[in-house]
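Participant: Provided below: model25.txt, containing compact mmCIF, C-alpha atoms.
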```
# COMPACT_ATOMS: atom_id res chain seq x y z
CA LEU A 62 93.06 25.77 110.80
CA VAL A 63 94.78 22.55 109.70
CA VAL A 64 98.00 21.42 111.36
CA ASP A 65 100.31 18.68 110.07
CA SER A 66 102.08 17.87 113.34
CA THR A 67 104.57 15.53 111.64
CA ALA A 68 105.97 18.16 109.27
CA GLY A 69 105.11 21.18 111.41
CA ASN A 70 103.06 22.77 108.61
CA VAL A 71 99.99 24.93 109.20
CA ALA A 72 97.15 25.88 106.85
CA ILE A 73 94.39 28.43 107.36
CA GLY A 74 91.38 27.65 105.19
CA SER A 75 90.62 24.38 103.40
CA TYR A 76 94.13 23.62 102.14
CA THR A 77 96.00 20.63 103.58
CA PRO A 78 99.52 21.73 104.51
CA THR A 79 101.92 19.43 102.67
CA ILE A 80 104.88 21.43 101.36
CA ASN A 81 104.43 24.94 102.82
CA LYS A 82 105.19 25.80 106.44
CA LEU A 83 102.26 28.22 106.34
CA HIS A 84 99.52 28.36 103.73
CA ILE A 85 96.67 30.86 103.87
CA GLU A 86 93.64 30.12 101.71
CA GLY A 87 92.59 33.70 100.96
CA CYS A 88 94.12 37.13 101.34
CA LEU A 89 96.40 38.29 104.13
CA GLY A 90 95.76 41.50 106.03
CA THR A 91 98.46 43.41 107.91
CA ALA A 92 98.47 46.65 109.90
CA ILE A 93 98.65 49.93 107.95
CA SER A 94 98.63 53.47 109.33
CA THR A 95 99.56 57.01 108.33
CA LYS A 96 102.04 59.08 110.35
CA THR A 97 102.48 62.87 110.09
CA ALA A 98 105.09 63.24 112.85
CA ASN A 99 108.17 61.40 114.11
CA TYR A 100 107.31 57.84 115.10
CA THR A 101 109.07 54.72 116.40
CA LEU A 102 107.72 51.47 114.96
CA THR A 103 106.23 48.89 117.34
CA LEU A 104 105.49 45.19 117.07
CA ASN A 105 101.91 46.12 116.09
CA ASP A 106 103.06 47.95 112.92
CA SER A 107 103.60 46.55 109.44
CA THR A 108 103.13 49.29 106.83
CA ILE A 109 103.57 52.98 107.57
CA LEU A 110 102.44 55.69 105.16
CA GLY A 111 104.52 58.78 105.87
CA ASN A 112 102.87 62.13 105.17
CA SER A 113 105.57 64.78 105.50
CA SER A 114 103.57 67.67 104.02
CA GLY A 115 103.86 69.48 107.37
CA GLY A 116 107.63 69.01 107.62
CA VAL A 117 110.31 66.32 107.60
CA ILE A 118 109.38 63.25 109.67
CA THR A 119 111.52 60.38 110.93
CA ILE A 120 110.24 56.82 111.20
CA THR A 121 112.55 54.87 113.51
CA LEU A 122 112.99 51.11 113.34
CA PRO A 123 112.98 49.32 116.69
CA GLU A 124 115.99 47.54 118.17
CA ALA A 125 116.63 44.58 115.83
CA SER A 126 117.91 42.20 118.49
CA GLY A 127 115.43 39.37 119.05
CA LEU A 128 113.18 40.34 116.10
CA ARG A 129 114.53 37.81 113.56
CA GLY A 130 112.44 37.88 110.38
CA ARG A 131 110.49 41.04 111.26
CA GLN A 132 109.65 43.23 108.25
CA TYR A 133 108.41 46.79 107.92
CA THR A 134 107.42 48.84 104.88
CA VAL A 135 107.54 52.65 104.94
CA LYS A 136 106.16 54.72 102.05
CA LYS A 137 106.10 58.50 101.47
CA ILE A 138 102.61 59.46 100.28
CA ASP A 139 102.71 63.25 99.98
CA SER A 140 104.12 65.35 97.12
CA SER A 141 105.96 67.92 99.27
CA GLY A 142 109.71 68.41 99.15
CA ASN A 143 109.98 67.21 102.77
CA ASN A 144 111.69 63.88 103.31
CA VAL A 145 110.44 60.87 105.19
CA ILE A 146 113.55 59.57 106.94
CA ILE A 147 113.83 55.94 107.99
CA ALA A 148 116.29 55.66 110.88
CA ARG A 149 117.46 52.84 113.12
CA THR A 150 117.67 52.62 116.90
CA SER A 151 121.09 50.93 116.65
CA GLY A 152 123.02 48.91 114.07
CA THR A 153 122.58 49.87 110.43
CA ILE A 154 120.17 49.75 107.49
CA ASP A 155 122.25 48.08 104.76
CA GLY A 156 125.33 49.73 106.22
CA SER A 157 123.78 53.20 106.63
CA SER A 158 122.38 55.04 109.61
CA SER A 159 119.26 56.12 107.71
CA VAL A 160 117.46 56.11 104.38
CA ASN A 161 115.64 59.13 102.91
CA LEU A 162 112.42 58.86 100.96
CA THR A 163 112.62 62.07 98.92
CA ALA A 164 109.64 61.87 96.56
CA GLN A 165 106.00 60.84 96.58
CA TYR A 166 105.38 57.06 96.41
CA LYS A 167 108.99 56.11 97.25
CA TYR A 168 109.09 53.18 99.66
CA LEU A 169 111.39 50.80 101.47
CA THR A 170 110.78 47.34 102.89
CA CYS A 171 113.38 46.11 105.35
CA GLN A 172 113.87 42.99 107.44
CA THR A 173 116.15 42.05 110.31
CA ASP A 174 118.11 38.87 110.92
CA GLY A 175 117.54 39.44 114.64
CA SER A 176 121.11 40.44 115.45
CA SER A 177 121.58 44.20 115.24
CA ASN A 178 121.04 45.23 111.62
CA TRP A 179 118.20 45.86 109.18
CA TYR A 180 118.45 44.82 105.52
CA ILE A 181 116.68 46.42 102.57
CA ILE A 182 114.53 43.76 100.89
CA SER A 183 112.87 46.01 98.31
CA THR A 184 112.80 49.69 97.47
CA ASN A 185 112.23 52.19 94.66
CA VAL A 186 114.42 54.91 96.21
```
In structure tokens, what does this structure look like?

Facilitator:
Amino acid sequence: LVVDSTAGNVAIGSYTPTINKLHIEGCLGTAISTKTANYTLTLNDSTILGNSSGGVITITLPEASGLRGRQYTVKKIDSSGNNVIIARTSGTIDGSSSVNLTAQYKYLTCQTDGSSNWYIISTNV
């Protein structure tokens, strides 16, 4: 861990942090898990693989307030005709109350500005 206290930059590995706020020398690992039933995301989640082969499931985003910058990715991994629904606790997801993943390998990555809403950053829906 290398910290440039003047610029506030941090590096993990052998890199000296000069222009990046955070530089990781090597790969980054984040949490990934599969859900087969309704689930509300927690601060320990990052990527959720939704398997709705047993029936429609809903993955619910947490309250956005106070989570500025937080991102989640949800992906439907089964080939059934059952949707994986991404819902919000409050606020909206790009102006909607929910987003449906209707086919295998469809995904959505969203991020919050920390107020009350979630914004779609990338998707193939």

Participant: Find the residues near Pro78 in chain A: any atom within 12 Å, counting all atoms listed in the file, skip ones fewer than 5 places away on the same chain, and give them as number ranges by chain.

Facilitator: A: 62-73, 83-86

Participant: In terms of the shortest atom-to-atom distance over all atoms listed in the file, which of A:Thr103, A:Ser157, A:Lys82, A:Thr163 is closest to Val117 in chain A?

Facilitator: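 Once distances to Val117 in chain A are computed over all atoms listed in the file, the minimum belongs to A:Thr163.
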
Participant: Find the spatial neighbours of Thr119 in chain A, counting only C-alpha atoms, within a cut-off of 8 Å - ignore same-chain residues fewer than 2 positions away - and output them as number ranges by chain.

Facilitator: A: 98-100, 117, 121, 145-148

Participant: Smallest atom-to-atom distance to Val135 in chain A: which of A:Ile181, A:Leu110, A:Ile80, A:Leu122, using all atoms listed in the file?

Facilitator: A:Leu110

Participant: For the atom pair CA of Thr97 in chain A and CA of Leu169 in chain A, what is the interatomic distance in Å to one decimal place?

Facilitator: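 Between CA of Thr97 in chain A and CA of Leu169 in chain A the gap is 17.3 Å.
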
Participant: Could you tell me how far CA of Asp139 in chain A lies from CA of Ser94 in chain A, in Å and to one decimal?

Facilitator: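 Computing it gives 14.1 Å between the two atoms.
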
Participant: Grab the CA of Thr173 in chain A to CA of Thr95 in chain A distance for me, in Å with one decimal place.

Facilitator: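 Going from CA of Thr173 in chain A over to CA of Thr95 in chain A, I get 22.4 Å.
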
Participant: My list of candidates is A:Asn185, A:Ile120, A:Ser141, A:Gly87. Which is closest to Ser159 in chain A when distances are computed with all atoms listed in the file?

Facilitator: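 Of all the options, A:Ile120 lies closest to Ser159 in chain A.
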
Participant: I need the residue nearest Ile182 in chain A from this list: A:Thr91, A:Gly156, A:Lys167, A:Gln132. Use only C-alpha atoms for the distance.

Facilitator: A:Gln132

Participant: So which one's closest to Tyr180 in chain A, A:Ile154, A:Pro123, A:Lys96, A:Lys137? Using all atoms listed in the file, please.

Facilitator: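 Answer, going by the shortest atom-to-atom distance: A:Ile154.
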
Participant: With all atoms listed in the file as the basis for distance, which of A:Gly175, A:Gly74, A:Gly152, A:Gly116 is at the shortest distance from Leu128 in chain A?

Facilitator: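 Nearest candidate to Leu128 in chain A out of A:Gly175, A:Gly74, A:Gly152, A:Gly116: A:Gly175.
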
Participant: Rebuild N, CA, C and O atoms on range 69-85 of chain A, as a PDB file, in the coordinates of the input?

Facilitator:
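Result went into selection.pdb, see below:
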```pdb
ATOM      1  N   GLY A  69     105.132  19.848 110.819  1.00  0.00           N
ATOM      2  CA  GLY A  69     105.110  21.180 111.410  1.00  0.00           C
ATOM      3  C   GLY A  69     104.505  22.235 110.508  1.00  0.00           C
ATOM      4  O   GLY A  69     104.789  23.419 110.650  1.00  0.00           O
ATOM      5  N   ASN A  70     103.680  21.830 109.552  1.00  0.00           N
ATOM      6  CA  ASN A  70     103.060  22.770 108.610  1.00  0.00           C
ATOM      7  C   ASN A  70     101.674  23.165 109.099  1.00  0.00           C
ATOM      8  O   ASN A  70     100.976  22.372 109.726  1.00  0.00           O
ATOM      9  N   VAL A  71     101.284  24.397 108.768  1.00  0.00           N
ATOM     10  CA  VAL A  71      99.990  24.930 109.200  1.00  0.00           C
ATOM     11  C   VAL A  71      99.278  25.521 107.987  1.00  0.00           C
ATOM     12  O   VAL A  71      99.893  26.185 107.160  1.00  0.00           O
ATOM     13  N   ALA A  72      97.965  25.284 107.902  1.00  0.00           N
ATOM     14  CA  ALA A  72      97.150  25.880 106.850  1.00  0.00           C
ATOM     15  C   ALA A  72      95.945  26.558 107.489  1.00  0.00           C
ATOM     16  O   ALA A  72      95.372  26.050 108.447  1.00  0.00           O
ATOM     17  N   ILE A  73      95.594  27.722 106.947  1.00  0.00           N
ATOM     18  CA  ILE A  73      94.390  28.430 107.360  1.00  0.00           C
ATOM     19  C   ILE A  73      93.467  28.412 106.154  1.00  0.00           C
ATOM     20  O   ILE A  73      93.827  28.888 105.082  1.00  0.00           O
ATOM     21  N   GLY A  74      92.302  27.843 106.306  1.00  0.00           N
ATOM     22  CA  GLY A  74      91.380  27.650 105.190  1.00  0.00           C
ATOM     23  C   GLY A  74      91.232  26.156 104.940  1.00  0.00           C
ATOM     24  O   GLY A  74      91.459  25.335 105.811  1.00  0.00           O
ATOM     25  N   SER A  75      90.911  25.785 103.705  1.00  0.00           N
ATOM     26  CA  SER A  75      90.620  24.380 103.400  1.00  0.00           C
ATOM     27  C   SER A  75      91.811  23.601 102.872  1.00  0.00           C
ATOM     28  O   SER A  75      91.697  22.421 102.606  1.00  0.00           O
ATOM     29  N   TYR A  76      92.946  24.246 102.700  1.00  0.00           N
ATOM     30  CA  TYR A  76      94.130  23.620 102.140  1.00  0.00           C
ATOM     31  C   TYR A  76      94.784  22.693 103.158  1.00  0.00           C
ATOM     32  O   TYR A  76      94.847  22.992 104.345  1.00  0.00           O
ATOM     33  N   THR A  77      95.252  21.529 102.713  1.00  0.00           N
ATOM     34  CA  THR A  77      96.000  20.630 103.580  1.00  0.00           C
ATOM     35  C   THR A  77      97.476  20.973 103.459  1.00  0.00           C
ATOM     36  O   THR A  77      98.033  20.957 102.362  1.00  0.00           O
ATOM     37  N   PRO A  78      98.134  21.283 104.574  1.00  0.00           N
ATOM     38  CA  PRO A  78      99.520  21.730 104.510  1.00  0.00           C
ATOM     39  C   PRO A  78     100.472  20.563 104.234  1.00  0.00           C
ATOM     40  O   PRO A  78     100.701  19.720 105.085  1.00  0.00           O
ATOM     41  N   THR A  79     101.013  20.524 103.019  1.00  0.00           N
ATOM     42  CA  THR A  79     101.920  19.430 102.670  1.00  0.00           C
ATOM     43  C   THR A  79     103.341  19.914 102.425  1.00  0.00           C
ATOM     44  O   THR A  79     104.282  19.313 102.918  1.00  0.00           O
ATOM     45  N   ILE A  80     103.522  20.989 101.673  1.00  0.00           N
ATOM     46  CA  ILE A  80     104.880  21.430 101.360  1.00  0.00           C
ATOM     47  C   ILE A  80     105.201  22.817 101.906  1.00  0.00           C
ATOM     48  O   ILE A  80     106.360  23.193 101.969  1.00  0.00           O
ATOM     49  N   ASN A  81     104.195  23.584 102.304  1.00  0.00           N
ATOM     50  CA  ASN A  81     104.430  24.940 102.820  1.00  0.00           C
ATOM     51  C   ASN A  81     104.363  24.928 104.338  1.00  0.00           C
ATOM     52  O   ASN A  81     103.510  24.275 104.925  1.00  0.00           O
ATOM     53  N   LYS A  82     105.250  25.668 104.985  1.00  0.00           N
ATOM     54  CA  LYS A  82     105.190  25.800 106.440  1.00  0.00           C
ATOM     55  C   LYS A  82     103.910  26.511 106.861  1.00  0.00           C
ATOM     56  O   LYS A  82     103.321  26.184 107.877  1.00  0.00           O
ATOM     57  N   LEU A  83     103.501  27.512 106.070  1.00  0.00           N
ATOM     58  CA  LEU A  83     102.260  28.220 106.340  1.00  0.00           C
ATOM     59  C   LEU A  83     101.566  28.476 105.016  1.00  0.00           C
ATOM     60  O   LEU A  83     102.172  29.028 104.091  1.00  0.00           O
ATOM     61  N   HIS A  84     100.313  28.092 104.927  1.00  0.00           N
ATOM     62  CA  HIS A  84      99.520  28.360 103.730  1.00  0.00           C
ATOM     63  C   HIS A  84      98.228  29.024 104.188  1.00  0.00           C
ATOM     64  O   HIS A  84      97.551  28.540 105.084  1.00  0.00           O
ATOM     65  N   ILE A  85      97.898  30.146 103.555  1.00  0.00           N
ATOM     66  CA  ILE A  85      96.670  30.860 103.870  1.00  0.00           C
ATOM     67  C   ILE A  85      95.778  30.823 102.647  1.00  0.00           C
ATOM     68  O   ILE A  85      96.157  31.304 101.583  1.00  0.00           O
TER      69      ILE A  85
END
```
